[in-house]
$ cat final-v3.txt   # compact mmCIF, C-alpha atoms
# COMPACT_ATOMS: atom_id res chain seq x y z
CA MET A 1 -5.38 1.79 46.53
CA GLU A 2 -7.52 -0.85 44.90
CA ILE A 3 -9.37 0.22 41.80
CA ARG A 4 -11.79 -1.79 39.72
CA PHE A 5 -12.45 -0.51 36.21
CA SER A 6 -15.43 -2.30 34.64
CA GLY A 7 -17.68 -2.14 31.60
CA PHE A 8 -18.11 -4.12 28.42
CA GLY A 9 -15.64 -5.33 25.82
CA GLY A 10 -14.59 -2.68 23.35
CA GLN A 11 -14.75 0.20 25.82
CA GLY A 12 -11.03 0.06 26.48
CA ILE A 13 -11.44 -1.09 30.09
CA ILE A 14 -8.14 -2.97 30.16
CA LYS A 15 -6.41 -0.08 28.41
CA ALA A 16 -7.70 2.27 31.09
CA GLY A 17 -6.24 -0.06 33.71
CA ILE A 18 -2.90 -0.13 31.94
CA LEU A 19 -2.90 3.66 31.64
CA LEU A 20 -3.52 4.05 35.37
CA GLY A 21 -0.81 1.52 36.17
CA LYS A 22 1.74 3.19 33.92
CA ALA A 23 0.93 6.66 35.23
CA ALA A 24 1.30 5.53 38.84
CA SER A 25 4.47 3.51 38.36
CA LEU A 26 6.41 5.46 35.77
CA PHE A 27 5.46 9.00 36.64
CA ASP A 28 4.20 8.98 40.24
CA GLY A 29 6.94 6.65 41.49
CA LYS A 30 4.59 4.02 42.89
CA HIS A 31 4.14 0.30 42.39
CA ALA A 32 1.26 -0.91 40.27
CA THR A 33 -0.27 -4.07 38.84
CA MET A 34 -3.15 -4.63 36.49
CA ASN A 35 -4.91 -7.95 36.67
CA GLN A 36 -7.69 -9.50 34.66
CA SER A 37 -9.37 -12.65 35.90
CA PHE A 38 -11.23 -14.53 33.24
CA GLY A 39 -14.36 -16.30 34.25
CA PRO A 40 -18.02 -16.50 33.46
CA GLU A 41 -18.10 -12.69 33.47
CA ALA A 42 -15.95 -12.73 30.36
CA ARG A 43 -18.95 -14.09 28.53
CA GLY A 44 -21.37 -11.59 27.12
CA GLY A 45 -18.77 -8.93 26.75
CA ALA A 46 -18.43 -7.91 30.40
CA CYS A 47 -14.94 -6.78 31.21
CA SER A 48 -13.10 -5.81 34.37
CA ALA A 49 -9.59 -4.69 35.21
CA GLN A 50 -8.24 -4.79 38.73
CA VAL A 51 -5.59 -2.18 39.37
CA VAL A 52 -3.58 -2.01 42.57
CA ILE A 53 -1.41 1.03 43.28
CA LEU A 54 0.78 1.13 46.36
CA ASN A 55 3.89 2.85 47.64
CA THR A 56 5.38 -0.57 48.31
CA PRO A 57 5.85 -3.68 46.13
CA ILE A 58 2.58 -5.45 45.54
CA LEU A 59 2.35 -9.01 46.77
CA TYR A 60 -1.30 -9.61 46.04
CA PRO A 61 -2.66 -7.98 42.90
CA TYR A 62 -6.29 -8.91 43.46
CA ILE A 63 -8.81 -6.54 44.89
CA THR A 64 -9.89 -7.38 48.39
CA GLU A 65 -11.74 -4.18 49.28
CA PRO A 66 -12.00 -1.72 46.42
CA ASP A 67 -11.34 1.94 47.17
CA ILE A 68 -12.68 3.00 43.80
CA VAL A 69 -15.10 1.16 41.53
CA VAL A 70 -15.69 2.46 38.01
CA THR A 71 -18.69 1.07 36.14
CA MET A 72 -19.20 1.90 32.49
CA SER A 73 -22.12 -0.46 31.85
CA GLN A 74 -25.31 -1.46 33.63
CA GLU A 75 -24.12 -5.05 33.80
CA ALA A 76 -20.86 -4.00 35.41
CA TYR A 77 -22.78 -1.83 37.86
CA GLU A 78 -25.01 -4.68 38.88
CA LYS A 79 -22.08 -6.98 39.30
CA PHE A 80 -19.64 -4.77 41.15
CA ALA A 81 -21.47 -1.87 42.81
CA ASN A 82 -22.81 -3.99 45.65
CA ASP A 83 -19.38 -4.85 46.94
CA ILE A 84 -18.21 -1.31 47.62
CA PRO A 85 -17.26 -0.82 51.25
CA LYS A 86 -18.64 2.05 53.30
CA GLY A 87 -17.05 5.39 52.54
CA LYS A 88 -15.53 4.26 49.28
CA THR A 89 -16.10 5.68 45.83
CA LEU A 90 -18.30 4.65 42.90
CA LEU A 91 -17.85 6.31 39.52
CA THR A 92 -20.32 5.67 36.72
CA ASP A 93 -21.00 6.64 33.14
CA SER A 94 -24.22 8.57 33.75
CA ASP A 95 -25.77 7.63 30.41
CA LEU A 96 -24.92 3.94 30.52
CA VAL A 97 -25.57 3.18 34.18
CA LYS A 98 -28.88 3.74 35.90
CA PRO A 99 -28.24 3.02 39.56
CA GLU A 100 -31.18 1.51 41.33
CA LYS A 101 -30.23 1.83 44.94
CA VAL A 102 -26.91 3.29 45.89
CA PRO A 103 -26.05 2.80 49.55
CA LYS A 104 -25.79 6.19 51.23
CA SER A 105 -22.44 5.24 52.59
CA VAL A 106 -20.95 5.11 49.10
CA ASN A 107 -19.77 8.28 47.38
CA MET A 108 -21.12 8.17 43.87
CA TYR A 109 -19.98 10.52 41.11
CA SER A 110 -21.16 10.28 37.52
CA VAL A 111 -19.91 11.59 34.20
CA PRO A 112 -21.39 11.21 30.71
CA ALA A 113 -18.04 9.86 29.53
CA THR A 114 -19.33 8.17 26.38
CA ARG A 115 -21.37 11.22 25.38
CA ILE A 116 -18.39 13.51 25.90
CA ALA A 117 -16.32 11.17 23.72
CA GLU A 118 -19.02 11.10 21.05
CA ASN A 119 -19.09 14.89 21.05
CA MET A 120 -15.38 14.73 20.31
CA GLY A 121 -16.24 12.55 17.33
CA ASN A 122 -15.20 9.13 18.60
CA ARG A 123 -16.53 7.05 21.43
CA ILE A 124 -13.23 5.20 21.74
CA PHE A 125 -12.14 8.12 23.92
CA ALA A 126 -14.77 7.35 26.58
CA ASN A 127 -12.37 5.28 28.68
CA VAL A 128 -9.86 8.12 28.88
CA VAL A 129 -12.59 10.67 29.64
CA MET A 130 -13.38 8.40 32.58
CA VAL A 131 -9.73 8.24 33.61
CA GLY A 132 -9.68 12.05 33.61
CA PHE A 133 -12.80 12.14 35.75
CA LEU A 134 -11.34 9.56 38.12
CA THR A 135 -8.11 11.54 38.40
CA ALA A 136 -9.99 14.73 39.33
CA ILE A 137 -12.30 13.07 41.83
CA THR A 138 -9.98 10.65 43.56
CA GLU A 139 -6.42 11.91 42.94
CA VAL A 140 -5.25 8.28 42.93
CA VAL A 141 -2.84 9.31 40.18
CA SER A 142 -1.60 12.78 39.37
CA LYS A 143 -2.86 14.69 36.36
CA ASP A 144 0.68 15.13 35.06
CA ALA A 145 1.43 11.43 35.38
CA VAL A 146 -1.51 10.40 33.20
CA LYS A 147 -0.67 12.98 30.56
CA LYS A 148 2.90 11.72 30.46
CA ALA A 149 1.74 8.09 30.28
CA LEU A 150 -0.63 8.61 27.35
CA PRO A 151 1.96 8.78 24.55
CA GLY A 152 3.15 5.21 24.22
CA SER A 153 -0.10 3.87 25.66
CA VAL A 154 -2.23 4.69 22.63
CA PRO A 155 -1.47 4.75 18.91
CA ASP A 156 0.41 7.90 17.92
CA ARG A 157 -2.44 9.27 15.85
CA PHE A 158 -4.76 9.15 18.86
CA VAL A 159 -2.46 10.77 21.43
CA GLU A 160 -3.80 14.26 20.88
CA GLY A 161 -7.42 13.12 21.04
CA ASN A 162 -6.77 11.13 24.18
CA ILE A 163 -5.13 14.05 25.92
CA GLU A 164 -8.13 16.18 25.07
CA ALA A 165 -10.46 13.42 26.30
CA PHE A 166 -8.51 13.21 29.52
CA GLU A 167 -8.69 16.99 30.00
CA ARG A 168 -12.43 17.01 29.37
CA GLY A 169 -13.07 14.27 31.88
CA TYR A 170 -10.77 15.95 34.38
CA LYS A 171 -12.52 19.29 33.98
CA TYR A 172 -15.91 17.66 34.39
CA GLY A 173 -14.73 16.20 37.67
CA ILE A 174 -13.24 19.44 38.98
CA ASP A 175 -16.40 21.35 38.06
CA LEU A 176 -18.51 18.73 39.78
CA ILE A 177 -16.48 19.02 42.96
CA ASN A 178 -16.58 22.82 42.89
CA ASN A 179 -20.32 22.92 42.31
CA LYS A 180 -20.92 20.62 45.23
CA LYS A 181 -19.44 23.35 47.46
CA THR A 182 -18.99 20.91 50.31
CA THR A 183 -15.76 19.01 50.61
CA PRO A 184 -16.10 16.08 48.28
CA LYS A 185 -16.45 12.97 50.33
CA ALA A 186 -15.22 10.96 47.41
CA LYS A 187 -11.76 12.42 47.53
CA VAL A 188 -10.09 9.26 48.64
CA LYS A 189 -7.80 9.87 51.54
CA LYS A 190 -4.21 9.21 50.68
CA LYS A 191 -3.56 7.38 53.90
CA ASP A 192 -6.03 4.67 52.95
CA LYS A 193 -4.39 1.46 51.90
CA GLU A 194 -0.97 2.95 51.43
CA MET B 1 0.57 -23.57 33.37
CA GLU B 2 2.47 -20.34 33.71
CA ILE B 3 3.09 -18.44 30.52
CA ARG B 4 5.02 -15.24 30.05
CA PHE B 5 4.37 -13.32 26.85
CA SER B 6 6.94 -10.57 26.34
CA GLY B 7 8.06 -8.05 23.75
CA PHE B 8 7.77 -4.33 23.24
CA GLY B 9 4.83 -1.94 23.41
CA GLY B 10 2.69 -1.96 20.30
CA GLN B 11 3.17 -5.65 19.53
CA GLY B 12 -0.09 -6.60 21.19
CA ILE B 13 1.57 -8.52 24.02
CA ILE B 14 -1.23 -7.83 26.50
CA LYS B 15 -3.82 -8.65 23.86
CA ALA B 16 -2.14 -11.98 23.26
CA GLY B 17 -2.34 -12.66 26.98
CA ILE B 18 -6.02 -11.77 27.05
CA LEU B 19 -6.67 -13.99 24.03
CA LEU B 20 -5.00 -16.96 25.72
CA GLY B 21 -6.90 -16.32 28.93
CA LYS B 22 -10.23 -16.09 27.17
CA ALA B 23 -9.59 -19.19 25.09
CA ALA B 24 -8.64 -21.22 28.14
CA SER B 25 -11.46 -20.02 30.38
CA LEU B 26 -14.38 -19.63 28.02
CA PHE B 27 -13.75 -22.43 25.57
CA ASP B 28 -11.44 -24.91 27.28
CA GLY B 29 -13.26 -24.77 30.61
CA LYS B 30 -10.23 -23.76 32.67
CA HIS B 31 -9.41 -20.93 35.03
CA ALA B 32 -7.19 -18.13 33.80
CA THR B 33 -5.74 -14.81 34.84
CA MET B 34 -3.68 -12.25 32.98
CA ASN B 35 -1.48 -9.99 35.03
CA GLN B 36 0.72 -7.07 34.15
CA SER B 37 3.15 -5.71 36.71
CA PHE B 38 4.34 -2.22 35.97
CA GLY B 39 7.86 -1.36 36.95
CA PRO B 40 11.07 -0.07 35.50
CA GLU B 41 10.63 -2.53 32.62
CA ALA B 42 7.62 -0.51 31.50
CA ARG B 43 10.06 2.20 30.49
CA GLY B 44 11.51 1.97 27.04
CA GLY B 45 8.59 0.13 25.66
CA ALA B 46 9.25 -3.31 27.13
CA CYS B 47 6.08 -5.16 27.85
CA SER B 48 5.18 -8.44 29.53
CA ALA B 49 1.96 -10.30 30.29
CA GLN B 50 1.82 -13.08 32.84
CA VAL B 51 -0.86 -15.63 32.08
CA VAL B 52 -1.78 -18.43 34.44
CA ILE B 53 -4.04 -21.25 33.26
CA LEU B 54 -5.15 -23.95 35.67
CA ASN B 55 -7.92 -26.47 36.11
CA THR B 56 -8.60 -24.99 39.54
CA PRO B 57 -9.25 -21.43 40.73
CA ILE B 58 -6.09 -19.36 40.69
CA LEU B 59 -4.98 -17.95 44.01
CA TYR B 60 -1.71 -16.45 42.89
CA PRO B 61 -1.65 -14.95 39.41
CA TYR B 62 2.07 -14.23 39.29
CA ILE B 63 4.53 -16.45 37.57
CA THR B 64 6.76 -18.38 39.91
CA GLU B 65 8.29 -20.86 37.44
CA PRO B 66 7.29 -20.26 33.85
CA ASP B 67 6.36 -23.27 31.76
CA ILE B 68 6.41 -21.25 28.57
CA VAL B 69 8.26 -18.01 27.86
CA VAL B 70 7.53 -16.13 24.65
CA THR B 71 9.96 -13.39 23.66
CA MET B 72 9.18 -11.10 20.75
CA SER B 73 12.08 -8.68 21.23
CA GLN B 74 15.77 -8.91 22.04
CA GLU B 75 15.25 -6.89 25.19
CA ALA B 76 12.53 -9.26 26.36
CA TYR B 77 14.77 -12.21 25.56
CA GLU B 78 17.62 -10.79 27.59
CA LYS B 79 15.33 -10.05 30.48
CA PHE B 80 13.29 -13.23 30.67
CA ALA B 81 15.09 -16.08 28.89
CA ASN B 82 17.55 -16.65 31.71
CA ASP B 83 14.86 -17.57 34.19
CA ILE B 84 13.44 -20.52 32.30
CA PRO B 85 13.60 -23.70 34.36
CA LYS B 86 15.09 -26.89 32.98
CA GLY B 87 12.87 -28.69 30.51
CA LYS B 88 10.59 -25.74 29.92
CA THR B 89 9.86 -24.00 26.67
CA LEU B 90 11.15 -20.84 25.05
CA LEU B 91 9.44 -19.43 21.97
CA THR B 92 10.98 -16.56 20.03
CA ASP B 93 10.36 -14.40 17.01
CA SER B 94 13.27 -15.62 14.91
CA ASP B 95 13.83 -12.27 13.18
CA LEU B 96 13.63 -10.11 16.28
CA VAL B 97 15.49 -12.27 18.78
CA LYS B 98 19.06 -13.45 18.34
CA PRO B 99 19.70 -15.83 21.21
CA GLU B 100 23.25 -15.76 22.46
CA LYS B 101 23.42 -18.83 24.62
CA VAL B 102 20.39 -20.96 25.11
CA PRO B 103 20.79 -23.51 27.89
CA LYS B 104 20.55 -27.00 26.41
CA SER B 105 17.96 -27.87 28.99
CA VAL B 106 15.51 -25.39 27.49
CA ASN B 107 13.38 -26.32 24.49
CA MET B 108 13.58 -23.43 22.08
CA TYR B 109 11.30 -23.03 19.07
CA SER B 110 11.33 -20.01 16.78
CA VAL B 111 8.93 -18.55 14.26
CA PRO B 112 9.27 -15.46 12.05
CA ALA B 113 5.97 -14.18 13.42
CA THR B 114 6.45 -10.56 12.45
CA ARG B 115 7.60 -11.47 8.94
CA ILE B 116 4.61 -13.78 8.47
CA ALA B 117 2.34 -10.94 9.59
CA GLU B 118 4.05 -8.49 7.25
CA ASN B 119 3.55 -10.93 4.38
CA MET B 120 -0.14 -10.79 5.23
CA GLY B 121 0.05 -7.03 4.86
CA ASN B 122 -0.01 -5.93 8.48
CA ARG B 123 2.44 -6.54 11.28
CA ILE B 124 -0.29 -6.06 13.87
CA PHE B 125 -1.07 -9.73 13.31
CA ALA B 126 2.34 -10.84 14.61
CA ASN B 127 1.07 -11.43 18.13
CA VAL B 128 -1.65 -13.79 16.91
CA VAL B 129 0.76 -15.60 14.59
CA MET B 130 2.77 -16.22 17.76
CA VAL B 131 -0.33 -17.43 19.62
CA GLY B 132 -0.93 -19.89 16.78
CA PHE B 133 2.65 -21.11 16.99
CA LEU B 134 2.40 -21.42 20.76
CA THR B 135 -0.83 -23.39 20.44
CA ALA B 136 0.75 -25.86 18.02
CA ILE B 137 3.95 -26.34 19.99
CA THR B 138 2.66 -26.39 23.56
CA GLU B 139 -1.05 -27.26 23.36
CA VAL B 140 -1.61 -25.08 26.42
CA VAL B 141 -4.89 -24.05 24.81
CA SER B 142 -6.82 -25.86 22.12
CA LYS B 143 -6.87 -24.67 18.55
CA ASP B 144 -10.66 -24.49 18.56
CA ALA B 145 -10.72 -22.45 21.75
CA VAL B 146 -8.48 -19.72 20.33
CA LYS B 147 -10.48 -19.53 17.13
CA LYS B 148 -13.67 -19.15 19.13
CA ALA B 149 -12.11 -16.53 21.37
CA LEU B 150 -10.87 -14.31 18.53
CA PRO B 151 -14.19 -12.69 17.59
CA GLY B 152 -14.89 -10.29 20.44
CA SER B 153 -11.20 -10.06 21.28
CA VAL B 154 -10.25 -8.02 18.23
CA PRO B 155 -12.12 -5.36 16.25
CA ASP B 156 -14.66 -6.92 13.90
CA ARG B 157 -12.85 -5.83 10.77
CA PHE B 158 -9.73 -7.68 11.90
CA VAL B 159 -11.33 -10.99 12.89
CA GLU B 160 -10.74 -12.63 9.54
CA GLY B 161 -7.13 -11.48 9.36
CA ASN B 162 -6.47 -12.64 12.89
CA ILE B 163 -7.90 -16.07 12.22
CA GLU B 164 -5.65 -16.37 9.21
CA ALA B 165 -2.70 -15.17 11.25
CA PHE B 166 -3.48 -17.76 13.90
CA GLU B 167 -3.72 -20.52 11.28
CA ARG B 168 -0.41 -19.51 9.72
CA GLY B 169 1.38 -19.52 13.06
CA TYR B 170 -0.24 -22.82 13.97
CA LYS B 171 0.77 -24.43 10.68
CA TYR B 172 4.33 -23.19 11.07
CA GLY B 173 4.45 -24.85 14.47
CA ILE B 174 2.99 -28.15 13.26
CA ASP B 175 5.38 -28.23 10.30
CA LEU B 176 8.30 -27.52 12.61
CA ILE B 177 7.33 -30.39 14.89
CA ASN B 178 6.85 -32.78 11.98
CA ASN B 179 10.15 -31.86 10.41
CA LYS B 180 11.95 -32.50 13.64
CA LYS B 181 10.84 -36.12 13.35
CA THR B 182 11.68 -36.78 16.97
CA THR B 183 9.05 -36.29 19.62
CA PRO B 184 9.11 -32.60 20.35
CA LYS B 185 10.54 -32.06 23.77
CA ALA B 186 8.76 -28.75 23.94
CA LYS B 187 5.32 -30.28 23.97
CA VAL B 188 4.54 -29.33 27.51
CA LYS B 189 3.26 -32.29 29.46
CA LYS B 190 -0.28 -31.81 30.55
CA LYS B 191 0.40 -33.14 34.02
CA ASP B 192 2.79 -30.28 34.73
CA LYS B 193 1.39 -27.61 36.99
CA GLU B 194 -2.20 -28.65 36.70

$ encode --input "final-v3.txt" --output "structure tokens"
Amino acid sequence: MEIRFSGFGGQGIIKAGILLGKAASLFDGKHATMNQSFGPEARGGACSAQVVILNTPILYPYITEPDIVVTMSQEAYEKFANDIPKGKTLLTDSDLVKPEKVPKSVNMYSVPATRIAENMGNRIFANVVMVGFLTAITEVVSKDAVKKALPGSVPDRFVEGNIEAFERGYKYGIDLINNKKTTPKAKVKKKDKE
Amino acid sequence: MEIRFSGFGGQGIIKAGILLGKAASLFDGKHATMNQSFGPEARGGACSAQVVILNTPILYPYITEPDIVVTMSQEAYEKFANDIPKGKTLLTDSDLVKPEKVPKSVNMYSVPATRIAENMGNRIFANVVMVGFLTAITEVVSKDAVKKALPGSVPDRFVEGNIEAFERGYKYGIDLINNKKTTPKAKVKKKDKE
């Protein structure tokens, strides 16, 4: 599974990547890497983490064909949403990203992650709301694994808030799937890339 | 240049890697990646960032032969110090790492990074003290580049403190080199790996 988490600096994009990697490796028994390539995109505050999660050791930690692309800013959307292969999944922050033309072949799911975090009193939780949403929609990591990985990944005083943020994002995702009635196309098949 | 930055969770190891990568790519005009592999070492709080800095695009972001290994904990030292090739550089936090047997062929330089940070009032600066020390000893990034990369890499309210932390680590490194009188063997030759 190749996952790109993108947004702007200060949103905790890299932290979200680390959280996914820890959850997958420590608590789901998989192999994971998180990679950040610095380049012109590092100017202007854009930020992207490449996470690879496999059942086998990872030889090449770059993303070749993303299975899941998360965009938490318009700039990130414009940069990364075009490269999503057919049938793969795009997740966006619905308040921060206004998609212009989403290819029909891409499964897009949106969550007001930043607004949910602000309603909790602190927008620093937006990244973990998004991780909860991603977990519900894609099942790339297990819910339990993320909850176990949170303590130790965030400062102690924020553990409780982050777990709540994760649960809120997760619930938003589950509700979205249930309301769609149809089988969610975005549920990434486990056989892909593993 | 292949640099491993290692220590325990909470020391800002990944942040130090990101800072180096940003400095090199945005302000020194090089290519850089920062990679974190999750594995059993992610248990128990050990933490390691692999940074690769080259003049050319980076095809393989893992470390094959480190040029510089930074260890900010005894556990990290025991795990990574044995793999340092002849003639390469080992940097340690002198209070947190007690080297048992350092091969003569390795150039070891130590700085009380955490103590310097505590003297500033906050040990969160220890990672950037170490980056300052690394910059002075190895010149893998330029002093100016790191200082330009700091704003935007740390929360606004900590920029000033981090710049001071960087300067203190840098000065400690320069003083150490000057006091050694001899040409510092640890000054990594620019022709290596580039």

$ residues_around --input "final-v3.txt" --residues "Pro61 (chain B)" --least-positions-apart "5" --cutoff "9 Å" --atoms "all atoms listed in the file" --output "PyMOL selection string"
(chain A and resi 35+37+60-62) or (chain B and resi 2+32-35+50-52)

$ interface_residues --input "final-v3.txt" --of "chain B" --to "chain A" --cutoff "10 Å" --atoms "all atoms listed in the file" --output "PyMOL selection string"
chain B and resi 9-10+14-15+17-18+21-26+29-45+49-53+57-62+152-155

$ write_last_selection --input "final-v3.txt" --atoms "C-alpha atoms" --output "CSV table (one decimal), keeping the file's coordinate frame"
chain,number,residue,atom,x,y,z
B,9,GLY,CA,4.8,-1.9,23.4
B,10,GLY,CA,2.7,-2.0,20.3
B,14,ILE,CA,-1.2,-7.8,26.5
B,15,LYS,CA,-3.8,-8.6,23.9
B,17,GLY,CA,-2.3,-12.7,27.0
B,18,ILE,CA,-6.0,-11.8,27.0
B,21,GLY,CA,-6.9,-16.3,28.9
B,22,LYS,CA,-10.2,-16.1,27.2
B,23,ALA,CA,-9.6,-19.2,25.1
B,24,ALA,CA,-8.6,-21.2,28.1
B,25,SER,CA,-11.5,-20.0,30.4
B,26,LEU,CA,-14.4,-19.6,28.0
B,29,GLY,CA,-13.3,-24.8,30.6
B,30,LYS,CA,-10.2,-23.8,32.7
B,31,HIS,CA,-9.4,-20.9,35.0
B,32,ALA,CA,-7.2,-18.1,33.8
B,33,THR,CA,-5.7,-14.8,34.8
B,34,MET,CA,-3.7,-12.2,33.0
B,35,ASN,CA,-1.5,-10.0,35.0
B,36,GLN,CA,0.7,-7.1,34.2
B,37,SER,CA,3.2,-5.7,36.7
B,38,PHE,CA,4.3,-2.2,36.0
B,39,GLY,CA,7.9,-1.4,37.0
B,40,PRO,CA,11.1,-0.1,35.5
B,41,GLU,CA,10.6,-2.5,32.6
B,42,ALA,CA,7.6,-0.5,31.5
B,43,ARG,CA,10.1,2.2,30.5
B,44,GLY,CA,11.5,2.0,27.0
B,45,GLY,CA,8.6,0.1,25.7
B,49,ALA,CA,2.0,-10.3,30.3
B,50,GLN,CA,1.8,-13.1,32.8
B,51,VAL,CA,-0.9,-15.6,32.1
B,52,VAL,CA,-1.8,-18.4,34.4
B,53,ILE,CA,-4.0,-21.2,33.3
B,57,PRO,CA,-9.2,-21.4,40.7
B,58,ILE,CA,-6.1,-19.4,40.7
B,59,LEU,CA,-5.0,-18.0,44.0
B,60,TYR,CA,-1.7,-16.4,42.9
B,61,PRO,CA,-1.6,-15.0,39.4
B,62,TYR,CA,2.1,-14.2,39.3
B,152,GLY,CA,-14.9,-10.3,20.4
B,153,SER,CA,-11.2,-10.1,21.3
B,154,VAL,CA,-10.2,-8.0,18.2
B,155,PRO,CA,-12.1,-5.4,16.2

$ residues_around --input "final-v3.txt" --residues "Val128 (chain A)" --least-positions-apart "4" --cutoff "10 Å" --atoms "only C-alpha atoms" --output "PDB file with C-alpha atoms, in the coordinates of the input"
ATOM      1  CA  GLN A  11     -14.750   0.200  25.820  1.00  0.00           C
ATOM      2  CA  GLY A  12     -11.030   0.060  26.480  1.00  0.00           C
ATOM      3  CA  ILE A  13     -11.440  -1.090  30.090  1.00  0.00           C
ATOM      4  CA  LYS A  15      -6.410  -0.080  28.410  1.00  0.00           C
ATOM      5  CA  ALA A  16      -7.700   2.270  31.090  1.00  0.00           C
ATOM      6  CA  LEU A  19      -2.900   3.660  31.640  1.00  0.00           C
ATOM      7  CA  LEU A  20      -3.520   4.050  35.370  1.00  0.00           C
ATOM      8  CA  ALA A 113     -18.040   9.860  29.530  1.00  0.00           C
ATOM      9  CA  THR A 114     -19.330   8.170  26.380  1.00  0.00           C
ATOM     10  CA  ALA A 117     -16.320  11.170  23.720  1.00  0.00           C
ATOM     11  CA  ILE A 124     -13.230   5.200  21.740  1.00  0.00           C
ATOM     12  CA  GLY A 132      -9.680  12.050  33.610  1.00  0.00           C
ATOM     13  CA  PHE A 133     -12.800  12.140  35.750  1.00  0.00           C
ATOM     14  CA  LEU A 134     -11.340   9.560  38.120  1.00  0.00           C
ATOM     15  CA  VAL A 146      -1.510  10.400  33.200  1.00  0.00           C
ATOM     16  CA  LEU A 150      -0.630   8.610  27.350  1.00  0.00           C
ATOM     17  CA  GLY A 161      -7.420  13.120  21.040  1.00  0.00           C
ATOM     18  CA  ASN A 162      -6.770  11.130  24.180  1.00  0.00           C
ATOM     19  CA  ILE A 163      -5.130  14.050  25.920  1.00  0.00           C
ATOM     20  CA  GLU A 164      -8.130  16.180  25.070  1.00  0.00           C
ATOM     21  CA  ALA A 165     -10.460  13.420  26.300  1.00  0.00           C
ATOM     22  CA  PHE A 166      -8.510  13.210  29.520  1.00  0.00           C
ATOM     23  CA  GLU A 167      -8.690  16.990  30.000  1.00  0.00           C
ATOM     24  CA  ARG A 168     -12.430  17.010  29.370  1.00  0.00           C
ATOM     25  CA  GLY A 169     -13.070  14.270  31.880  1.00  0.00           C
ATOM     26  CA  TYR A 170     -10.770  15.950  34.380  1.00  0.00           C
TER      27      TYR A 170
END

$ atom_distance --input "final-v3.txt" --atom1 "CA of Thr138 (chain A)" --atom2 "CA of Leu176 (chain A)"
12.3 Å

$ atom_distance --input "final-v3.txt" --atom1 "CA of Ser142 (chain A)" --atom2 "CA of Arg157 (chain A)"
23.8 Å
